[in-house]
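Peer 1: Contents are mmCIF, N, CA and C atoms; file name work-v5.cif:
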data_work
loop_
_atom_site.label_atom_id
_atom_site.label_comp_id
_atom_site.auth_asym_id
_atom_site.auth_seq_id
_atom_site.Cartn_x
_atom_site.Cartn_y
_atom_site.Cartn_z
N MET A 1 15.16 19.44 90.08
CA MET A 1 16.10 20.36 89.51
C MET A 1 16.48 21.39 90.55
N SER A 2 17.71 21.73 90.60
CA SER A 2 18.17 22.72 91.57
C SER A 2 17.96 24.13 91.01
N ALA A 3 18.08 25.10 91.89
CA ALA A 3 17.92 26.49 91.48
C ALA A 3 19.03 26.89 90.51
N ARG A 4 20.21 26.31 90.70
CA ARG A 4 21.34 26.62 89.82
C ARG A 4 21.07 26.11 88.40
N ALA A 5 20.40 24.95 88.28
CA ALA A 5 20.10 24.40 86.96
C ALA A 5 19.07 25.26 86.23
N LEU A 6 18.17 25.87 86.99
CA LEU A 6 17.15 26.71 86.38
C LEU A 6 17.64 28.11 86.09
N GLN A 7 18.77 28.48 86.64
CA GLN A 7 19.30 29.82 86.46
C GLN A 7 19.58 30.08 84.97
N GLY A 8 19.08 31.18 84.49
CA GLY A 8 19.30 31.54 83.11
C GLY A 8 18.20 31.07 82.17
N THR A 9 17.27 30.23 82.65
CA THR A 9 16.20 29.77 81.77
C THR A 9 15.04 30.74 81.74
N VAL A 10 14.94 31.62 82.74
CA VAL A 10 13.87 32.60 82.81
C VAL A 10 14.50 33.98 82.86
N ALA A 11 13.92 34.88 82.11
CA ALA A 11 14.44 36.25 82.10
C ALA A 11 14.35 36.85 83.50
N PRO A 12 15.30 37.68 83.88
CA PRO A 12 15.32 38.21 85.24
C PRO A 12 14.13 39.12 85.58
N TRP A 13 13.52 39.73 84.59
CA TRP A 13 12.41 40.63 84.86
C TRP A 13 11.10 39.90 85.11
N VAL A 14 11.04 38.59 84.84
CA VAL A 14 9.79 37.83 85.00
C VAL A 14 9.37 37.81 86.46
N GLY A 15 10.32 37.65 87.37
CA GLY A 15 9.99 37.65 88.79
C GLY A 15 9.43 38.99 89.24
N LEU A 16 9.97 40.08 88.73
CA LEU A 16 9.48 41.41 89.07
C LEU A 16 8.05 41.60 88.56
N VAL A 17 7.81 41.20 87.32
CA VAL A 17 6.46 41.33 86.75
C VAL A 17 5.47 40.48 87.52
N ALA A 18 5.86 39.27 87.87
CA ALA A 18 4.97 38.39 88.64
C ALA A 18 4.67 38.99 90.01
N GLY A 19 5.67 39.58 90.64
CA GLY A 19 5.46 40.20 91.95
C GLY A 19 4.52 41.39 91.87
N VAL A 20 4.72 42.24 90.88
CA VAL A 20 3.85 43.41 90.71
C VAL A 20 2.43 42.97 90.38
N ALA A 21 2.28 41.95 89.54
CA ALA A 21 0.94 41.44 89.21
C ALA A 21 0.25 40.87 90.44
N THR A 22 0.99 40.18 91.29
CA THR A 22 0.41 39.62 92.50
C THR A 22 -0.05 40.72 93.45
N ILE A 23 0.77 41.76 93.60
CA ILE A 23 0.38 42.87 94.47
C ILE A 23 -0.84 43.59 93.91
N ALA A 24 -0.87 43.79 92.59
CA ALA A 24 -2.02 44.44 91.97
C ALA A 24 -3.29 43.61 92.14
N ALA A 25 -3.17 42.29 92.01
CA ALA A 25 -4.33 41.42 92.20
C ALA A 25 -4.83 41.49 93.64
N GLY A 26 -3.92 41.56 94.59
CA GLY A 26 -4.31 41.69 95.99
C GLY A 26 -5.01 43.00 96.27
N ILE A 27 -4.49 44.08 95.70
CA ILE A 27 -5.13 45.38 95.87
C ILE A 27 -6.51 45.39 95.25
N PHE A 28 -6.63 44.81 94.04
CA PHE A 28 -7.93 44.73 93.37
C PHE A 28 -8.93 43.92 94.21
N ALA A 29 -8.49 42.77 94.72
CA ALA A 29 -9.39 41.92 95.50
C ALA A 29 -9.82 42.62 96.78
N GLY A 30 -8.88 43.24 97.47
CA GLY A 30 -9.22 43.93 98.71
C GLY A 30 -10.16 45.10 98.47
N ALA A 31 -9.88 45.89 97.45
CA ALA A 31 -10.73 47.05 97.16
C ALA A 31 -12.13 46.63 96.73
N SER A 32 -12.23 45.59 95.91
CA SER A 32 -13.56 45.19 95.45
C SER A 32 -14.38 44.61 96.59
N ILE A 33 -13.76 43.90 97.50
CA ILE A 33 -14.51 43.35 98.63
C ILE A 33 -14.90 44.47 99.59
N MET A 34 -14.02 45.46 99.77
CA MET A 34 -14.36 46.59 100.63
C MET A 34 -15.52 47.40 100.06
N LEU A 35 -15.65 47.42 98.73
CA LEU A 35 -16.73 48.16 98.09
C LEU A 35 -18.03 47.36 98.05
N GLY A 36 -18.01 46.14 98.53
CA GLY A 36 -19.23 45.35 98.62
C GLY A 36 -19.50 44.46 97.42
N VAL A 37 -18.51 44.25 96.57
CA VAL A 37 -18.68 43.37 95.42
C VAL A 37 -18.69 41.92 95.91
N ASP A 38 -19.49 41.11 95.29
CA ASP A 38 -19.57 39.69 95.65
C ASP A 38 -18.19 39.05 95.51
N PRO A 39 -17.69 38.37 96.54
CA PRO A 39 -16.36 37.76 96.46
C PRO A 39 -16.21 36.75 95.32
N LYS A 40 -17.31 36.08 94.95
CA LYS A 40 -17.23 35.13 93.83
C LYS A 40 -16.91 35.85 92.53
N LEU A 41 -17.47 37.04 92.34
CA LEU A 41 -17.17 37.82 91.15
C LEU A 41 -15.73 38.30 91.15
N THR A 42 -15.22 38.63 92.32
CA THR A 42 -13.82 39.06 92.42
C THR A 42 -12.88 37.94 92.02
N VAL A 43 -13.13 36.75 92.55
CA VAL A 43 -12.29 35.60 92.20
C VAL A 43 -12.42 35.27 90.71
N ALA A 44 -13.63 35.34 90.18
CA ALA A 44 -13.84 35.07 88.76
C ALA A 44 -13.11 36.10 87.88
N ALA A 45 -13.13 37.37 88.29
CA ALA A 45 -12.42 38.40 87.52
C ALA A 45 -10.92 38.17 87.54
N LEU A 46 -10.37 37.81 88.69
CA LEU A 46 -8.93 37.54 88.77
C LEU A 46 -8.55 36.30 87.95
N ALA A 47 -9.38 35.26 88.02
CA ALA A 47 -9.10 34.06 87.22
C ALA A 47 -9.21 34.36 85.73
N GLY A 48 -10.20 35.16 85.36
CA GLY A 48 -10.36 35.54 83.96
C GLY A 48 -9.20 36.37 83.45
N ALA A 49 -8.69 37.27 84.29
CA ALA A 49 -7.53 38.08 83.88
C ALA A 49 -6.29 37.20 83.71
N ALA A 50 -6.11 36.25 84.61
CA ALA A 50 -4.96 35.34 84.49
C ALA A 50 -5.08 34.48 83.24
N MET A 51 -6.28 34.02 82.95
CA MET A 51 -6.48 33.20 81.76
C MET A 51 -6.29 34.03 80.49
N ALA A 52 -6.71 35.29 80.52
CA ALA A 52 -6.52 36.16 79.35
C ALA A 52 -5.03 36.37 79.07
N VAL A 53 -4.25 36.55 80.12
CA VAL A 53 -2.81 36.70 79.93
C VAL A 53 -2.21 35.42 79.37
N ALA A 54 -2.66 34.27 79.88
CA ALA A 54 -2.15 32.99 79.38
C ALA A 54 -2.51 32.79 77.91
N ILE A 55 -3.72 33.18 77.52
CA ILE A 55 -4.15 33.02 76.13
C ILE A 55 -3.36 33.96 75.22
N LEU A 56 -3.10 35.18 75.69
CA LEU A 56 -2.32 36.11 74.87
C LEU A 56 -0.89 35.63 74.68
N ARG A 57 -0.37 34.91 75.65
CA ARG A 57 1.00 34.38 75.53
C ARG A 57 1.04 33.12 74.68
N ASN A 58 0.00 32.29 74.75
CA ASN A 58 0.00 31.02 74.04
C ASN A 58 -1.43 30.73 73.57
N VAL A 59 -1.65 30.76 72.28
CA VAL A 59 -2.98 30.59 71.71
C VAL A 59 -3.59 29.23 72.06
N GLU A 60 -2.76 28.23 72.24
CA GLU A 60 -3.27 26.89 72.54
C GLU A 60 -4.14 26.87 73.79
N TRP A 61 -3.80 27.68 74.79
CA TRP A 61 -4.61 27.72 76.01
C TRP A 61 -6.03 28.18 75.68
N GLY A 62 -6.16 29.13 74.77
CA GLY A 62 -7.48 29.58 74.37
C GLY A 62 -8.27 28.51 73.65
N LEU A 63 -7.56 27.75 72.81
CA LEU A 63 -8.24 26.67 72.10
C LEU A 63 -8.67 25.56 73.07
N TYR A 64 -7.83 25.30 74.09
CA TYR A 64 -8.22 24.31 75.11
C TYR A 64 -9.45 24.79 75.87
N ALA A 65 -9.47 26.06 76.22
CA ALA A 65 -10.62 26.61 76.93
C ALA A 65 -11.87 26.56 76.06
N LEU A 66 -11.72 26.88 74.78
CA LEU A 66 -12.85 26.83 73.87
C LEU A 66 -13.39 25.42 73.73
N ALA A 67 -12.50 24.43 73.65
CA ALA A 67 -12.94 23.04 73.58
C ALA A 67 -13.67 22.64 74.86
N GLY A 68 -13.16 23.07 76.00
CA GLY A 68 -13.83 22.77 77.26
C GLY A 68 -15.21 23.41 77.34
N PHE A 69 -15.31 24.66 76.89
CA PHE A 69 -16.62 25.33 76.89
C PHE A 69 -17.60 24.61 75.97
N ALA A 70 -17.11 24.13 74.81
CA ALA A 70 -17.99 23.46 73.86
C ALA A 70 -18.43 22.09 74.37
N ILE A 71 -17.50 21.33 74.92
CA ILE A 71 -17.83 19.99 75.40
C ILE A 71 -18.77 20.05 76.60
N LEU A 72 -18.49 20.95 77.54
CA LEU A 72 -19.32 21.06 78.75
C LEU A 72 -20.52 21.96 78.58
N ARG A 73 -20.60 22.65 77.44
CA ARG A 73 -21.70 23.58 77.14
C ARG A 73 -21.84 24.63 78.23
N LEU A 74 -20.70 25.15 78.70
CA LEU A 74 -20.70 26.12 79.79
C LEU A 74 -21.39 27.42 79.41
N SER A 75 -21.24 27.85 78.18
CA SER A 75 -21.87 29.10 77.76
C SER A 75 -23.39 28.97 77.78
N ASP A 76 -23.91 27.85 77.30
CA ASP A 76 -25.37 27.64 77.31
C ASP A 76 -25.90 27.59 78.74
N ILE A 77 -25.21 26.92 79.61
CA ILE A 77 -25.64 26.82 81.00
C ILE A 77 -25.62 28.20 81.66
N ALA A 78 -24.55 28.96 81.42
CA ALA A 78 -24.43 30.29 82.02
C ALA A 78 -25.52 31.23 81.54
N THR A 79 -25.82 31.20 80.24
CA THR A 79 -26.82 32.13 79.71
C THR A 79 -28.25 31.69 80.03
N ASP A 80 -28.54 30.41 79.89
CA ASP A 80 -29.91 29.93 80.07
C ASP A 80 -30.34 29.84 81.53
N TYR A 81 -29.48 29.37 82.39
CA TYR A 81 -29.88 29.09 83.77
C TYR A 81 -29.41 30.14 84.78
N HIS A 82 -28.38 30.90 84.44
CA HIS A 82 -27.86 31.86 85.41
C HIS A 82 -27.96 33.30 84.93
N GLY A 83 -28.45 33.52 83.72
CA GLY A 83 -28.64 34.88 83.21
C GLY A 83 -27.35 35.64 82.93
N ALA A 84 -26.27 34.92 82.79
CA ALA A 84 -24.98 35.56 82.52
C ALA A 84 -24.86 35.84 81.01
N PRO A 85 -24.05 36.81 80.65
CA PRO A 85 -23.82 37.05 79.23
C PRO A 85 -23.00 35.92 78.61
N SER A 86 -22.97 35.88 77.30
CA SER A 86 -22.23 34.84 76.60
C SER A 86 -20.76 34.88 76.98
N THR A 87 -20.18 33.71 77.18
CA THR A 87 -18.76 33.64 77.53
C THR A 87 -17.90 33.22 76.34
N VAL A 88 -18.52 32.64 75.32
CA VAL A 88 -17.75 32.17 74.18
C VAL A 88 -17.33 33.32 73.26
N GLN A 89 -18.18 34.30 73.09
CA GLN A 89 -17.86 35.40 72.18
C GLN A 89 -16.62 36.19 72.63
N PRO A 90 -16.51 36.58 73.90
CA PRO A 90 -15.26 37.25 74.30
C PRO A 90 -14.05 36.34 74.21
N LEU A 91 -14.24 35.05 74.46
CA LEU A 91 -13.13 34.10 74.35
C LEU A 91 -12.66 34.01 72.90
N LEU A 92 -13.58 33.95 71.96
CA LEU A 92 -13.20 33.93 70.55
C LEU A 92 -12.49 35.22 70.15
N GLY A 93 -12.98 36.35 70.65
CA GLY A 93 -12.33 37.62 70.37
C GLY A 93 -10.90 37.65 70.91
N LEU A 94 -10.70 37.11 72.09
CA LEU A 94 -9.36 37.06 72.68
C LEU A 94 -8.44 36.14 71.88
N ILE A 95 -8.97 35.03 71.41
CA ILE A 95 -8.17 34.11 70.60
C ILE A 95 -7.77 34.78 69.29
N VAL A 96 -8.71 35.46 68.64
CA VAL A 96 -8.41 36.15 67.38
C VAL A 96 -7.39 37.26 67.64
N LEU A 97 -7.53 38.00 68.74
CA LEU A 97 -6.57 39.05 69.07
C LEU A 97 -5.18 38.46 69.29
N SER A 98 -5.13 37.32 69.93
CA SER A 98 -3.84 36.67 70.18
C SER A 98 -3.19 36.22 68.88
N ILE A 99 -4.00 35.71 67.95
CA ILE A 99 -3.47 35.27 66.66
C ILE A 99 -2.98 36.47 65.84
N VAL A 100 -3.77 37.55 65.83
CA VAL A 100 -3.38 38.73 65.06
C VAL A 100 -2.12 39.37 65.66
N ALA A 101 -1.99 39.33 66.98
CA ALA A 101 -0.83 39.94 67.64
C ALA A 101 0.45 39.21 67.28
N ARG A 102 0.38 37.95 66.92
CA ARG A 102 1.57 37.20 66.55
C ARG A 102 1.93 37.56 65.12
#
Do you think you could lay out the structure here as C-alpha cells?

Peer 2:
Amino acid sequence: MSARALQGTVAPWVGLVAGVATIAAGIFAGASIMLGVDPKLTVAALAGAAMAVAILRNVEWGLYALAGFAILRLSDIATDYHGAPSTVQPLLGLIVLSIVAR
C-alpha cells in the first residue's frame, strides 16, 4: 500500500503522540540506567507500559495476555521461583478498568 492510500486512515495527531511517547520512553530508559536500575527492569517497565496502553485501547489484548499467562503458568513461575509479585492480579485489574472505561 502506498502512503497516499493510507492517508486519512489515521488521525493526524497519532504521529505526534507516538513521537512524544517514544521520546518519553527514551528519557525514562536513560534516566533509570543512569540511576543504576537494572536494565532488564527498565525494558520490562517499558514493555509493560506499552502493553497497558494496548489493553486500555482494546480489551482483547488483555484477554490474550491472560490466556498466555494461564497456559504458560507465568505467574506461578514468577512468584515461586523468582520471588516476583503476582502478575495476574494487576492484569485482571487493568482488564476490568478497560471494560469499565468503555

Peer 1: What's the 12 Å shell around Thr42 (chain A), counting only C-alpha atoms, without same-chain residues fewer than 4 positions away, as a ChimeraX atom specification?

Peer 2: /A:25-38,46-49

Peer 1: Considering only N, CA and C atoms, state which residue in the set A:Leu41, A:Ile23, A:Leu16, A:Ile55 is at the smallest distance from Ile95 (chain A).

Peer 2: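 Of the candidates, the smallest distance to Ile95 (chain A) is held by A:Ile55.
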
Peer 1: What are the centre and the three edge lengths of an axis-aligned box that wraps all atoms of region 93-97 of chain A in the file, given that 8 Å is added to every side, written as JSON and rounded to one decimal in Å?

Peer 2:
{"center_x": -9.1, "center_y": 36.6, "center_z": 70.0, "size_x": 23.8, "size_y": 20.9, "size_z": 21.3}

Peer 1: If we count only N, CA and C atoms and set the cut-off at 8 Å, which residues sit around Leu66 (chain A), ignoring sequence neighbours fewer than 6 positions away in its own chain? Please answer as JSON, numbers by chain.

Peer 2: {"A": [60, 72, 88, 91, 92]}

Peer 1: I'd like to know which residues of region 35-85 of chain A are alpha helix (DSSP H) (by DSSP, run on the backbone); could you write them as a ChimeraX atom specification?

Peer 2: /A:39-57,59-72,74-82

Peer 1: As a list in words, please: the residues near Leu63 (chain A) (cut-off 12 Å, only C-alpha atoms, same-chain neighbours under 5 positions excluded).

Peer 2: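 Here the answer would be Met51, Ala54, Ile55, Leu56, Asn58, Gly68, Phe69, Ala70, Val88, Leu91, Leu92, Gly93, Leu94, Ile95, Val96, Ser98 and Ile99 of chain A.
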
Peer 1: Quick one, how far is CA of Leu74 (chain A) from CA of Thr87 (chain A)?

Peer 2: 8.1 Å

Peer 1: What's the separation between atom N of Ser86 (chain A) and atom C of Arg73 (chain A), in Å to one decimal place?

Peer 2: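 Atom C of Arg73 (chain A) lies at a distance of 11.3 Å from atom N of Ser86 (chain A).
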
Peer 1: Please indicate the distance in Å from atom C of Leu97 (chain A) to atom C of Val59 (chain A), rounded to one decimal place.

Peer 2: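 Spanning atom C of Leu97 (chain A) to atom C of Val59 (chain A) is a straight-line distance of 9.8 Å.
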